[in-house]
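Pasted below: run_3.cif, mmCIF, C-alpha atoms and all ligand atoms.
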data_input
loop_
_atom_site.label_atom_id
_atom_site.label_comp_id
_atom_site.auth_asym_id
_atom_site.auth_seq_id
_atom_site.Cartn_x
_atom_site.Cartn_y
_atom_site.Cartn_z
CA MET A 1 -62.94 -42.22 -47.91
CA MET A 2 -62.43 -40.27 -44.77
CA PHE A 3 -59.26 -41.87 -43.40
CA SER A 4 -57.07 -41.75 -46.49
CA ARG A 5 -55.54 -38.38 -45.61
CA GLN A 6 -54.28 -39.82 -42.34
CA ILE A 7 -52.25 -42.58 -44.02
CA HIS A 8 -48.56 -41.78 -44.26
CA SER A 9 -47.09 -45.18 -43.49
CA CYS A 10 -48.06 -48.81 -43.27
CA ALA A 11 -48.31 -48.45 -39.49
CA ASP A 12 -50.90 -45.66 -39.95
CA ALA A 13 -52.95 -47.88 -42.23
CA ARG A 14 -52.81 -50.78 -39.77
CA ARG A 15 -53.90 -48.59 -36.87
CA LEU A 16 -56.87 -47.22 -38.83
CA ALA A 17 -57.81 -50.68 -40.11
CA LYS A 18 -57.82 -51.99 -36.57
CA ARG A 19 -60.17 -49.26 -35.51
CA ARG A 20 -62.56 -49.75 -38.40
CA LEU A 21 -62.75 -53.51 -38.91
CA PRO A 22 -64.69 -55.93 -36.75
CA TRP A 23 -62.27 -57.83 -34.48
CA MET A 24 -63.00 -61.05 -36.35
CA VAL A 25 -61.97 -59.56 -39.69
CA PHE A 26 -58.94 -57.70 -38.35
CA ASP A 27 -57.68 -60.81 -36.57
CA TYR A 28 -58.12 -62.87 -39.75
CA MET A 29 -56.00 -60.40 -41.70
CA ASP A 30 -53.46 -59.46 -39.11
CA GLY A 31 -53.09 -62.87 -37.44
CA ALA A 32 -50.26 -65.33 -37.87
CA ALA A 33 -49.36 -68.87 -36.88
CA GLY A 34 -49.10 -69.60 -33.16
CA GLU A 35 -48.18 -66.70 -30.92
CA GLY A 36 -47.09 -64.71 -33.94
CA TYR A 37 -43.39 -64.54 -33.02
CA GLY A 38 -42.34 -66.04 -36.37
CA GLU A 39 -44.06 -63.24 -38.23
CA ALA A 40 -42.77 -60.58 -35.82
CA GLN A 41 -39.20 -61.88 -35.85
CA ASN A 42 -39.06 -61.86 -39.63
CA ARG A 43 -40.02 -58.22 -39.59
CA GLN A 44 -37.35 -57.60 -36.96
CA VAL A 45 -34.71 -59.27 -39.15
CA MET A 46 -35.94 -57.18 -42.07
CA GLN A 47 -35.28 -54.09 -39.95
CA ASP A 48 -31.86 -55.34 -38.88
CA ILE A 49 -30.73 -55.59 -42.50
CA ARG A 50 -29.33 -52.27 -43.72
CA LEU A 51 -28.73 -50.79 -47.16
CA GLN A 52 -25.44 -49.28 -48.26
CA PRO A 53 -25.75 -45.64 -49.41
CA SER A 54 -23.67 -44.20 -52.21
CA VAL A 55 -23.20 -40.44 -52.61
CA LEU A 56 -22.51 -38.02 -55.46
CA VAL A 57 -24.04 -40.19 -58.15
CA ASN A 58 -26.33 -38.36 -60.56
CA VAL A 59 -29.67 -40.02 -59.85
CA GLU A 60 -31.94 -37.15 -60.80
CA HIS A 61 -33.95 -39.41 -63.14
CA ARG A 62 -35.00 -42.66 -61.53
CA SER A 63 -37.11 -45.45 -62.96
CA LEU A 64 -39.20 -47.81 -60.87
CA ASP A 65 -39.88 -50.12 -63.84
CA VAL A 66 -38.99 -53.76 -63.50
CA ARG A 67 -39.21 -56.45 -66.13
CA VAL A 68 -41.21 -59.42 -64.94
CA PHE A 69 -41.53 -62.34 -67.34
CA ASP A 70 -42.21 -60.69 -70.69
CA HIS A 71 -43.47 -57.27 -69.71
CA ASP A 72 -42.47 -54.12 -67.84
CA ALA A 73 -44.23 -53.50 -64.56
CA ARG A 74 -44.23 -49.81 -63.72
CA ARG A 75 -43.57 -50.55 -60.08
CA PRO A 76 -41.18 -53.07 -58.54
CA PHE A 77 -44.02 -54.56 -56.51
CA GLY A 78 -47.39 -56.17 -57.02
CA VAL A 79 -50.06 -57.59 -54.74
CA SER A 80 -49.79 -61.12 -53.39
CA PRO A 81 -52.85 -63.36 -53.67
CA MET A 82 -55.10 -63.02 -50.66
CA GLY A 83 -58.40 -64.69 -49.96
CA MET A 84 -61.53 -62.70 -49.19
CA CYS A 85 -60.06 -59.22 -49.74
CA ASN A 86 -63.59 -57.81 -49.95
CA LEU A 87 -63.77 -58.21 -46.19
CA ALA A 88 -61.41 -55.22 -46.00
CA THR A 89 -63.84 -53.01 -47.89
CA PRO A 90 -66.60 -53.79 -50.41
CA GLY A 91 -65.18 -54.11 -53.92
CA ALA A 92 -61.57 -54.42 -52.71
CA ASP A 93 -60.65 -57.07 -55.29
CA LEU A 94 -61.70 -54.85 -58.17
CA MET A 95 -59.86 -51.89 -56.69
CA LEU A 96 -56.71 -54.04 -56.76
CA ALA A 97 -57.45 -55.14 -60.31
CA ARG A 98 -57.85 -51.52 -61.47
CA GLN A 99 -54.55 -50.59 -59.81
CA ALA A 100 -52.84 -53.54 -61.52
CA ALA A 101 -54.16 -52.33 -64.87
CA ARG A 102 -52.92 -48.78 -64.20
CA TYR A 103 -49.39 -49.84 -63.25
CA HIS A 104 -49.04 -53.09 -65.22
CA SER A 105 -48.10 -54.66 -61.89
CA PRO A 106 -49.51 -58.12 -61.27
CA VAL A 107 -52.27 -58.70 -58.76
CA GLY A 108 -52.57 -62.21 -57.38
CA VAL A 109 -56.06 -63.69 -57.62
CA SER A 110 -56.56 -66.23 -54.86
CA THR A 111 -58.40 -69.51 -55.29
CA VAL A 112 -60.58 -68.15 -52.50
CA ALA A 113 -60.91 -64.62 -53.88
CA SER A 114 -64.18 -62.83 -53.25
CA THR A 115 -64.52 -61.92 -56.97
CA PRO A 116 -64.67 -64.43 -59.85
CA LEU A 117 -61.33 -65.01 -61.56
CA GLU A 118 -62.82 -64.14 -64.97
CA LYS A 119 -63.87 -60.70 -63.76
CA MET A 120 -60.49 -60.05 -62.17
CA ILE A 121 -58.41 -60.63 -65.30
CA GLU A 122 -60.79 -58.52 -67.36
CA VAL A 123 -60.63 -55.53 -64.99
CA ALA A 124 -56.87 -55.96 -64.47
CA GLU A 125 -56.50 -55.86 -68.29
CA GLY A 126 -54.43 -59.02 -68.21
CA HIS A 127 -52.23 -58.04 -65.25
CA ALA A 128 -53.58 -60.70 -62.94
CA TRP A 129 -51.97 -63.98 -61.92
CA PHE A 130 -54.14 -66.84 -60.79
CA GLN A 131 -53.17 -68.59 -57.55
CA PHE A 132 -54.49 -71.99 -56.65
CA TYR A 133 -54.41 -74.46 -53.85
CA PHE A 134 -54.39 -78.19 -54.27
CA SER A 135 -57.65 -79.61 -53.13
CA GLY A 136 -59.03 -82.97 -52.01
CA ASP A 137 -59.54 -85.05 -55.14
CA GLY A 138 -57.71 -82.84 -57.61
CA ARG A 139 -60.81 -82.19 -59.71
CA VAL A 140 -61.39 -78.66 -58.46
CA VAL A 141 -57.79 -77.85 -59.26
CA ASN A 142 -58.10 -79.08 -62.80
CA THR A 143 -61.33 -77.17 -63.35
CA LEU A 144 -59.78 -74.03 -61.96
CA ILE A 145 -56.68 -74.35 -64.10
CA ASP A 146 -58.84 -74.79 -67.19
CA ARG A 147 -60.98 -71.83 -66.21
CA ALA A 148 -57.92 -69.68 -65.67
CA GLN A 149 -56.52 -70.69 -69.04
CA VAL A 150 -59.79 -69.95 -70.83
CA ALA A 151 -60.12 -66.62 -69.01
CA GLY A 152 -56.76 -65.57 -70.44
CA TYR A 153 -54.42 -65.90 -67.46
CA ARG A 154 -50.82 -66.31 -68.51
CA THR A 155 -49.30 -66.89 -65.09
CA LEU A 156 -50.31 -69.52 -62.56
CA VAL A 157 -49.09 -69.41 -58.97
CA VAL A 158 -49.19 -72.70 -57.09
CA THR A 159 -49.09 -72.16 -53.34
CA VAL A 160 -47.35 -75.11 -51.71
CA ASP A 161 -46.92 -74.08 -48.08
CA VAL A 162 -50.43 -74.99 -46.98
CA ALA A 163 -50.20 -78.77 -46.56
CA GLU A 164 -52.47 -77.97 -43.61
CA VAL A 165 -53.81 -74.51 -42.82
CA GLY A 166 -51.66 -73.10 -40.01
CA ARG A 167 -53.18 -72.77 -36.53
CA ARG A 168 -53.94 -69.11 -36.03
CA PRO A 169 -55.30 -68.65 -32.53
CA ARG A 170 -56.59 -65.14 -33.17
CA GLU A 171 -58.83 -66.47 -35.95
CA LEU A 172 -59.94 -69.41 -33.85
CA LYS A 173 -60.80 -67.18 -30.90
CA ARG A 174 -63.05 -65.02 -33.08
CA GLY A 175 -64.73 -68.00 -34.74
CA PHE A 176 -63.57 -66.95 -38.20
CA LYS A 177 -64.90 -69.28 -40.89
CA MET A 178 -65.18 -69.04 -44.65
CA PRO A 179 -67.92 -68.54 -45.68
CA PHE A 180 -68.43 -66.91 -42.33
CA ARG A 181 -71.22 -67.61 -39.93
CA ILE A 182 -72.78 -64.95 -37.80
CA GLY A 183 -73.43 -66.14 -34.25
CA VAL A 184 -73.98 -64.00 -31.17
CA PRO A 185 -70.30 -62.98 -30.65
CA GLN A 186 -69.97 -61.97 -34.31
CA PHE A 187 -73.26 -60.10 -34.17
CA ILE A 188 -72.00 -58.05 -31.22
CA ASP A 189 -68.67 -57.52 -32.99
CA PHE A 190 -70.43 -56.23 -36.12
CA ALA A 191 -72.78 -54.04 -34.10
CA LEU A 192 -69.77 -52.40 -32.48
CA HIS A 193 -68.24 -51.65 -35.89
CA PRO A 194 -71.23 -50.13 -37.66
CA VAL A 195 -69.36 -48.29 -40.41
CA TRP A 196 -67.90 -51.54 -41.70
CA SER A 197 -71.07 -53.52 -41.06
CA LEU A 198 -73.38 -51.11 -42.82
CA SER A 199 -71.16 -50.85 -45.89
CA SER A 200 -70.08 -54.49 -46.10
CA LEU A 201 -73.02 -56.54 -44.94
CA ALA A 202 -75.47 -54.31 -46.76
CA ARG A 203 -73.84 -55.54 -49.98
CA GLY A 204 -74.21 -59.16 -48.88
CA LYS A 205 -71.61 -61.28 -47.14
CA PRO A 206 -68.38 -61.56 -49.15
CA ASP A 207 -68.02 -65.13 -50.36
CA MET A 208 -65.57 -67.44 -52.15
CA ALA A 209 -66.65 -66.30 -55.59
CA ASN A 210 -64.88 -69.00 -57.64
CA PHE A 211 -67.14 -71.65 -56.16
CA GLY A 212 -70.80 -72.43 -55.88
CA GLY A 213 -73.29 -73.92 -58.34
CA GLU A 214 -71.59 -75.74 -61.20
CA PHE A 215 -68.16 -74.90 -59.74
CA GLY A 216 -68.64 -77.00 -56.60
CA THR A 217 -67.44 -76.10 -53.14
CA PHE A 218 -64.10 -75.44 -51.52
CA ASP A 219 -63.15 -76.28 -47.97
CA ARG A 220 -60.46 -73.84 -46.89
CA THR A 221 -59.40 -75.95 -43.93
CA GLU A 222 -59.28 -79.34 -45.66
CA THR A 223 -55.97 -81.17 -45.74
CA ARG A 224 -53.71 -80.77 -48.76
CA ALA A 225 -51.04 -82.93 -47.21
CA ARG A 226 -51.37 -85.47 -50.01
CA ALA A 227 -50.01 -83.17 -52.73
CA ASP A 228 -46.56 -84.21 -53.93
CA TRP A 229 -44.01 -83.72 -56.70
CA ASP A 230 -46.06 -85.83 -59.11
CA ASP A 231 -48.94 -83.36 -58.73
CA LEU A 232 -46.59 -80.55 -59.58
CA ASP A 233 -45.37 -82.43 -62.66
CA ARG A 234 -48.97 -82.87 -63.80
CA ILE A 235 -49.63 -79.17 -63.41
CA ARG A 236 -46.44 -78.37 -65.30
CA ASP A 237 -47.70 -80.56 -68.15
CA GLN A 238 -51.17 -79.03 -68.10
CA TRP A 239 -50.23 -75.34 -67.76
CA LYS A 240 -48.56 -73.85 -70.79
CA GLY A 241 -48.02 -70.38 -69.36
CA ASN A 242 -45.66 -69.15 -66.64
CA LEU A 243 -45.67 -71.37 -63.58
CA VAL A 244 -44.69 -69.84 -60.23
CA VAL A 245 -44.40 -71.91 -57.07
CA LYS A 246 -45.12 -69.86 -53.94
CA GLY A 247 -44.20 -70.61 -50.36
CA VAL A 248 -40.64 -71.93 -50.63
CA LEU A 249 -38.06 -71.48 -47.85
CA ASN A 250 -35.82 -74.49 -48.34
CA VAL A 251 -32.78 -74.41 -50.66
CA ALA A 252 -33.09 -78.09 -51.56
CA ASP A 253 -36.75 -77.60 -52.54
CA ALA A 254 -35.80 -74.60 -54.65
CA VAL A 255 -33.11 -76.56 -56.50
CA ARG A 256 -35.59 -79.35 -57.22
CA LEU A 257 -38.27 -76.90 -58.38
CA LYS A 258 -35.88 -75.35 -60.84
CA ALA A 259 -35.06 -78.81 -62.17
CA ALA A 260 -38.80 -79.59 -62.38
CA GLY A 261 -39.18 -76.80 -64.91
CA VAL A 262 -41.04 -74.13 -62.97
CA ASP A 263 -40.55 -70.62 -64.32
CA ALA A 264 -40.14 -68.81 -61.00
CA ILE A 265 -40.16 -69.38 -57.26
CA GLN A 266 -41.85 -67.07 -54.77
CA VAL A 267 -39.89 -67.20 -51.53
CA SER A 268 -42.47 -66.65 -48.81
CA SER A 269 -43.55 -67.71 -45.34
CA HIS A 270 -47.16 -66.84 -46.22
CA GLY A 271 -46.62 -63.78 -44.05
CA GLY A 272 -45.83 -66.01 -41.04
CA ARG A 273 -49.30 -67.54 -41.19
CA GLN A 274 -48.25 -71.15 -41.63
CA LEU A 275 -45.18 -72.25 -39.61
CA GLU A 276 -44.26 -70.12 -36.64
CA SER A 277 -40.75 -71.57 -36.54
CA ALA A 278 -40.07 -71.11 -40.25
CA PRO A 279 -36.68 -69.68 -41.23
CA TYR A 280 -36.66 -65.94 -41.85
CA PRO A 281 -37.83 -65.65 -45.45
CA ILE A 282 -35.61 -62.69 -46.23
CA LEU A 283 -32.52 -64.78 -45.36
CA ALA A 284 -33.90 -67.84 -47.13
CA LEU A 285 -34.15 -65.61 -50.21
CA ARG A 286 -30.44 -64.84 -50.01
CA ASP A 287 -29.55 -68.53 -49.66
CA ILE A 288 -31.84 -69.60 -52.50
CA ARG A 289 -30.43 -66.88 -54.76
CA THR A 290 -26.93 -68.14 -54.03
CA ALA A 291 -27.93 -71.72 -54.79
CA LEU A 292 -29.86 -71.02 -58.01
CA GLY A 293 -27.50 -68.48 -59.54
CA PRO A 294 -28.13 -64.92 -60.71
CA GLU A 295 -30.53 -65.62 -63.59
CA PHE A 296 -33.35 -67.75 -62.18
CA PRO A 297 -36.47 -65.62 -61.46
CA LEU A 298 -37.11 -65.31 -57.72
CA PHE A 299 -40.03 -63.40 -56.26
CA PHE A 300 -40.47 -62.48 -52.62
CA ASP A 301 -43.19 -61.66 -50.11
CA SER A 302 -43.61 -61.69 -46.32
CA GLY A 303 -43.17 -58.86 -43.89
CA ILE A 304 -42.76 -56.04 -46.44
CA ARG A 305 -43.94 -52.88 -44.70
CA SER A 306 -42.10 -50.07 -46.49
CA GLY A 307 -40.39 -49.12 -49.70
CA GLU A 308 -37.03 -49.72 -48.05
CA ASP A 309 -38.16 -53.27 -47.24
CA VAL A 310 -38.92 -53.74 -50.95
CA LEU A 311 -35.35 -52.63 -51.76
CA LYS A 312 -33.96 -55.00 -49.14
CA ALA A 313 -35.68 -57.88 -50.90
CA TYR A 314 -34.10 -56.80 -54.19
CA ALA A 315 -30.76 -56.51 -52.41
CA LEU A 316 -30.98 -60.09 -51.19
CA GLY A 317 -31.93 -61.55 -54.55
CA ALA A 318 -35.55 -60.86 -55.49
CA ASP A 319 -36.56 -60.10 -59.07
CA PHE A 320 -40.00 -58.91 -58.02
CA VAL A 321 -41.72 -58.27 -54.69
CA PHE A 322 -45.29 -58.76 -53.52
CA LEU A 323 -47.20 -56.87 -50.85
CA GLY A 324 -49.68 -58.56 -48.54
CA ARG A 325 -51.17 -57.15 -45.36
CA SER A 326 -49.89 -53.62 -46.00
CA ILE A 327 -52.32 -53.35 -48.91
CA LEU A 328 -55.19 -54.92 -47.00
CA TYR A 329 -54.72 -52.49 -44.12
CA SER A 330 -54.86 -49.56 -46.51
CA LEU A 331 -58.02 -50.85 -48.18
CA ALA A 332 -59.68 -51.27 -44.81
CA ALA A 333 -58.47 -47.89 -43.60
CA GLY A 334 -59.37 -45.78 -46.61
CA GLY A 335 -60.98 -47.82 -49.37
CA GLU A 336 -59.69 -47.33 -52.91
CA ARG A 337 -58.19 -43.95 -52.09
CA GLY A 338 -56.42 -45.41 -49.06
CA MET A 339 -54.97 -48.20 -51.17
CA GLU A 340 -53.80 -45.75 -53.86
CA GLN A 341 -52.18 -43.71 -51.14
CA MET A 342 -50.35 -46.74 -49.73
CA TRP A 343 -49.20 -47.51 -53.27
CA ASP A 344 -47.85 -43.97 -53.62
CA ILE A 345 -46.18 -44.21 -50.22
CA PHE A 346 -44.34 -47.37 -51.29
CA SER A 347 -43.42 -45.74 -54.59
CA ASP A 348 -42.11 -42.57 -52.92
CA GLU A 349 -40.20 -44.50 -50.29
CA ILE A 350 -38.54 -46.63 -52.96
CA SER A 351 -37.67 -43.68 -55.16
CA ILE A 352 -36.30 -41.60 -52.28
CA ALA A 353 -34.28 -44.52 -50.93
CA MET A 354 -32.90 -45.22 -54.41
CA ALA A 355 -31.64 -41.63 -54.48
CA GLN A 356 -29.75 -42.19 -51.21
CA LEU A 357 -28.37 -45.47 -52.53
CA GLY A 358 -27.12 -43.88 -55.75
CA MET A 359 -29.43 -45.96 -57.96
CA ASP A 360 -31.36 -44.75 -60.97
CA SER A 361 -33.04 -48.09 -61.71
CA LEU A 362 -33.42 -51.58 -60.32
CA LYS A 363 -31.31 -53.07 -63.09
CA THR A 364 -28.57 -53.32 -60.47
CA ARG A 365 -29.22 -54.61 -56.97
CA PRO A 366 -28.90 -52.46 -53.87
CA THR A 367 -26.00 -53.50 -51.63
CA PRO A 368 -27.25 -55.09 -48.41
CA ARG A 369 -25.48 -54.88 -45.06
CA VAL A 370 -26.43 -57.96 -43.08
CA PRO A 371 -25.26 -57.92 -39.45
CA GLU A 372 -22.78 -60.66 -38.64
CA GLY A 373 -24.42 -63.55 -36.91
CA LEU A 374 -27.67 -63.16 -38.83
CA GLY A 375 -27.80 -66.37 -40.76
CA TYR A 376 -27.89 -70.08 -40.35
CA SER A 377 -25.29 -72.69 -39.76
C1 LIG B 1 -55.74 -62.23 -45.14
C2 LIG B 1 -54.74 -63.01 -45.94
C3 LIG B 1 -55.19 -63.96 -46.85
C4 LIG B 1 -54.28 -64.68 -47.61
N1 LIG B 1 -54.74 -65.58 -48.53
C5 LIG B 1 -53.86 -66.23 -49.34
C6 LIG B 1 -54.32 -67.07 -50.37
O1 LIG B 1 -55.52 -67.26 -50.55
N2 LIG B 1 -53.39 -67.67 -51.15
C7 LIG B 1 -52.04 -67.49 -50.98
O2 LIG B 1 -51.24 -68.05 -51.71
N3 LIG B 1 -51.58 -66.67 -50.01
C8 LIG B 1 -52.45 -66.03 -49.20
N4 LIG B 1 -51.99 -65.17 -48.24
C9 LIG B 1 -50.54 -64.94 -48.12
C10 LIG B 1 -50.08 -63.77 -49.00
O3 LIG B 1 -50.16 -64.10 -50.36
C11 LIG B 1 -48.63 -63.37 -48.69
O4 LIG B 1 -47.81 -64.51 -48.78
C12 LIG B 1 -48.45 -62.72 -47.33
O5 LIG B 1 -49.58 -61.96 -46.95
C13 LIG B 1 -47.23 -61.81 -47.34
O6 LIG B 1 -46.88 -61.39 -46.09
P1 LIG B 1 -47.28 -59.94 -45.49
O7 LIG B 1 -48.75 -59.98 -45.25
O8 LIG B 1 -46.48 -59.91 -44.22
O9 LIG B 1 -46.86 -58.92 -46.48
C14 LIG B 1 -52.88 -64.45 -47.44
C15 LIG B 1 -52.46 -63.48 -46.54
C16 LIG B 1 -53.36 -62.76 -45.80
C17 LIG B 1 -52.85 -61.71 -44.86
#
When written as structure tokens, how does the structure in this file appear?
Ligand SMILES: Cc1cc2nc3c(=O)[nH]c(=O)nc-3n(C[C@H](O)[C@H](O)[C@H](O)COP(=O)(O)O)c2cc1C
Amino acid sequence: MMFSRQIHSCADARRLAKRRLPWMVFDYMDGAAGEGYGEAQNRQVMQDIRLQPSVLVNVEHRSLDVRVFDHDARRPFGVSPMGMCNLATPGADLMLARQAARYHSPVGVSTVASTPLEKMIEVAEGHAWFQFYFSGDGRVVNTLIDRAQVAGYRTLVVTVDVAEVGRRPRELKRGFKMPFRIGVPQFIDFALHPVWSLSSLARGKPDMANFGGEFGTFDRTETRARADWDDLDRIRDQWKGNLVVKGVLNVADAVRLKAAGVDAIQVSSHGGRQLESAPYPILALRDIRTALGPEFPLFFDSGIRSGEDVLKAYALGADFVFLGRSILYSLAAGGERGMEQMWDIFSDEISIAMAQLGMDSLKTRPTPRVPEGLGYS
């Protein structure tokens, strides 16, 4: 696609995505809770953290492989589950699945993905993790878990930070709904972004592909505030594979999750989309690592915009890192080629930074330099 040659950083991809996408779609992807300062401040803290270089180490041969559960991912990052990725560009979900298959890096498949979960694991050649949300009466959850198991998923990600969907004023202003409705403002918006509209709407409106017909419906904005530790216990009993709990920022919660028998925790603020005043996830990661000890698997997402950010997450305790908006921007900016380019940019940035840090693999952690005063009392 035409823009891919112009992508040399995440900021490039975001700028191009903003130009190409209808406002409604861009604001859905880019938006955050409240005024967005929580999301912005986390990225600022990420920038304030520094990495300690080390010179005159022979690091000519560097490996980006990382072991995650029982296999080697060929990159130290994967793609976090995101709903309705096909809004970025038609076929986006399958582009992500193909990339996951190529690199053996997991792609998260959202409950509200725009491609059926069965198709995703097939195309990802097993390198897909299914993410689900609790839902009203629990039945949809059980059906989805069974479907995921039958489809061959080995890792289930339970997202727990959406007791209620966060208020995101940019989405509300644009009238974003899933499945989306096209009123007069949206019609004008689409007409003003013809490249996107012709390619996306011509293929039919992207939808929540895991629902409909025999699979019932899903209300994205319904309350999930009823879900509690007993629900988690039931899922732990039902799911025999790896169980990851995503959206944890509280040390006490993390300690209890470990005791409840989950296999990994994904420290995340949902990219700042849920609680504007949430603690900075990158610092919560450090505190949770300290509390749970060096062995317990911890994953991280939120605010990762460069390869150096990925290394900072490893420095502060992550065992694997997930990308969110950065990948969506690149899909919107340049389709499959744009996404591959973003992937290569992250890979190059990580490899080059590892050379400066004197690291030939991620078997050891980079040394972080956290400014004094950044932390919590
Ligand atoms: C457009 C969009 C949709 C998302 N949908 C989901 C989802 O369905 N399930 C989920 O667990 N997280 C979802 N997330 C959160 C991501 O998995 C991830 O936590 C977040 O995007 C990481 O932050 P970053 O975008 O700053 O990298 C979504 C994020 C975005 C941007």
Quick one: residues within 10 Å of Tyr153 (chain A), only C-alpha atoms, excluding same-chain residues fewer than 6 positions away - as an MDAnalysis selection string? chainID A and resid 117:118 120:122 126:130 145:147 241:242
Could you pull the residues within 7 Å of Arg224 (chain A), counting only C-alpha atoms, minus those fewer than 4 positions along the same chain, as number ranges by chain? A: 134-136, 162-164
Neighbours of point (-57.6, -72.5, -53.1) within 8 Å, using all atoms listed in the file, written as a PyMOL selection string: chain A and resi 110-112+131-135+218+220
Just want the residues within 8 Å of ligand LIG 1 (chain B), written as a PyMOL selection string, counting all atoms listed in the file. chain A and resi 28-31+39+79-85+108-113+131-133+157-159+246-247+268-273+301-305+322-326+328
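For the residues A:His8, A:Arg67, A:Arg74, A:Arg286, ranking by smallest atom-to-atom distance to Val370 (chain A) using all atoms listed in the file places A:Arg286 first.
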Residue nearest Phe187 (chain A) - candidates A:Tyr314, A:Phe300, A:Trp23, A:Tyr103, atoms counted: only C-alpha atoms: A:Trp23
What's around Gln266 (chain A) at 12 Å? Count only C-alpha atoms, leave out sequence neighbours fewer than 6 positions away in its own chain, and write the answer as a count of residues only. 41
Separation of CA of Gly175 (chain A) from CA of Ala209 (chain A), in Å and rounded to one decimal: 21.0 Å
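Taking all atoms listed in the file into account, Ala40 (chain A) lies nearest to A:Ser277 out of the set A:Gln238, A:Thr143, A:Ser9, A:Ser277.
Atom pair CA of Arg174 (chain A) / CA of Met339 (chain A) has a distance of 26.0 Å (rounded to one decimal).
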Straight-line distance linking CA of Leu192 (chain A) with CA of Met24 (chain A), stated in Å to one decimal: 11.6 Å
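Among the candidates A:Val262, A:Val255, A:Ala92, A:Ala278, the residue lying nearest to Ala32 (chain A) is A:Ala278 (atoms considered: all atoms listed in the file).
Using all atoms listed in the file for every distance, the candidate list A:Ser330, A:Thr290, A:Thr217, A:Ser347 yields A:Thr290 as the residue closest to Val251 (chain A).
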Tell me which of A:Gly34, A:Gly358, A:Pro179, A:Pro116 sits closest to Pro53 (chain A), counting all atoms listed in the file. A:Gly358
Using the incomplete input, complete region 9-20 of chain A to the level of N, CA, C and O atoms; output as a PDB file, in the coordinates of the input.
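Printed below is out_18.pdb as written:
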ATOM      1  N   SER A   9     -47.984 -44.028 -43.629  1.00  0.00           N
ATOM      2  CA  SER A   9     -47.090 -45.180 -43.490  1.00  0.00           C
ATOM      3  C   SER A   9     -47.965 -46.416 -43.343  1.00  0.00           C
ATOM      4  O   SER A   9     -49.172 -46.318 -43.096  1.00  0.00           O
ATOM      5  N   CYS A  10     -47.321 -47.561 -43.443  1.00  0.00           N
ATOM      6  CA  CYS A  10     -48.060 -48.810 -43.270  1.00  0.00           C
ATOM      7  C   CYS A  10     -48.619 -48.893 -41.842  1.00  0.00           C
ATOM      8  O   CYS A  10     -49.736 -49.376 -41.629  1.00  0.00           O
ATOM      9  N   ALA A  11     -47.842 -48.403 -40.882  1.00  0.00           N
ATOM     10  CA  ALA A  11     -48.310 -48.450 -39.490  1.00  0.00           C
ATOM     11  C   ALA A  11     -49.585 -47.618 -39.318  1.00  0.00           C
ATOM     12  O   ALA A  11     -50.500 -48.012 -38.573  1.00  0.00           O
ATOM     13  N   ASP A  12     -49.664 -46.471 -40.001  1.00  0.00           N
ATOM     14  CA  ASP A  12     -50.900 -45.660 -39.950  1.00  0.00           C
ATOM     15  C   ASP A  12     -52.077 -46.473 -40.465  1.00  0.00           C
ATOM     16  O   ASP A  12     -53.154 -46.487 -39.876  1.00  0.00           O
ATOM     17  N   ALA A  13     -51.855 -47.123 -41.609  1.00  0.00           N
ATOM     18  CA  ALA A  13     -52.950 -47.880 -42.230  1.00  0.00           C
ATOM     19  C   ALA A  13     -53.405 -49.003 -41.307  1.00  0.00           C
ATOM     20  O   ALA A  13     -54.602 -49.254 -41.140  1.00  0.00           O
ATOM     21  N   ARG A  14     -52.452 -49.672 -40.677  1.00  0.00           N
ATOM     22  CA  ARG A  14     -52.810 -50.780 -39.770  1.00  0.00           C
ATOM     23  C   ARG A  14     -53.628 -50.269 -38.584  1.00  0.00           C
ATOM     24  O   ARG A  14     -54.639 -50.851 -38.206  1.00  0.00           O
ATOM     25  N   ARG A  15     -53.205 -49.150 -38.038  1.00  0.00           N
ATOM     26  CA  ARG A  15     -53.900 -48.590 -36.870  1.00  0.00           C
ATOM     27  C   ARG A  15     -55.346 -48.226 -37.233  1.00  0.00           C
ATOM     28  O   ARG A  15     -56.287 -48.539 -36.505  1.00  0.00           O
ATOM     29  N   LEU A  16     -55.514 -47.614 -38.400  1.00  0.00           N
ATOM     30  CA  LEU A  16     -56.870 -47.220 -38.830  1.00  0.00           C
ATOM     31  C   LEU A  16     -57.715 -48.444 -39.168  1.00  0.00           C
ATOM     32  O   LEU A  16     -58.915 -48.484 -38.864  1.00  0.00           O
ATOM     33  N   ALA A  17     -57.073 -49.442 -39.778  1.00  0.00           N
ATOM     34  CA  ALA A  17     -57.810 -50.680 -40.110  1.00  0.00           C
ATOM     35  C   ALA A  17     -58.298 -51.348 -38.833  1.00  0.00           C
ATOM     36  O   ALA A  17     -59.430 -51.832 -38.750  1.00  0.00           O
ATOM     37  N   LYS A  18     -57.458 -51.341 -37.840  1.00  0.00           N
ATOM     38  CA  LYS A  18     -57.820 -51.990 -36.570  1.00  0.00           C
ATOM     39  C   LYS A  18     -59.028 -51.311 -35.935  1.00  0.00           C
ATOM     40  O   LYS A  18     -59.896 -51.941 -35.354  1.00  0.00           O
ATOM     41  N   ARG A  19     -59.063 -50.011 -36.092  1.00  0.00           N
ATOM     42  CA  ARG A  19     -60.170 -49.260 -35.510  1.00  0.00           C
ATOM     43  C   ARG A  19     -61.481 -49.544 -36.261  1.00  0.00           C
ATOM     44  O   ARG A  19     -62.536 -49.643 -35.676  1.00  0.00           O
ATOM     45  N   ARG A  20     -61.365 -49.698 -37.564  1.00  0.00           N
ATOM     46  CA  ARG A  20     -62.560 -49.750 -38.400  1.00  0.00           C
ATOM     47  C   ARG A  20     -63.148 -51.156 -38.554  1.00  0.00           C
ATOM     48  O   ARG A  20     -64.365 -51.323 -38.639  1.00  0.00           O
TER      49      ARG A  20
END
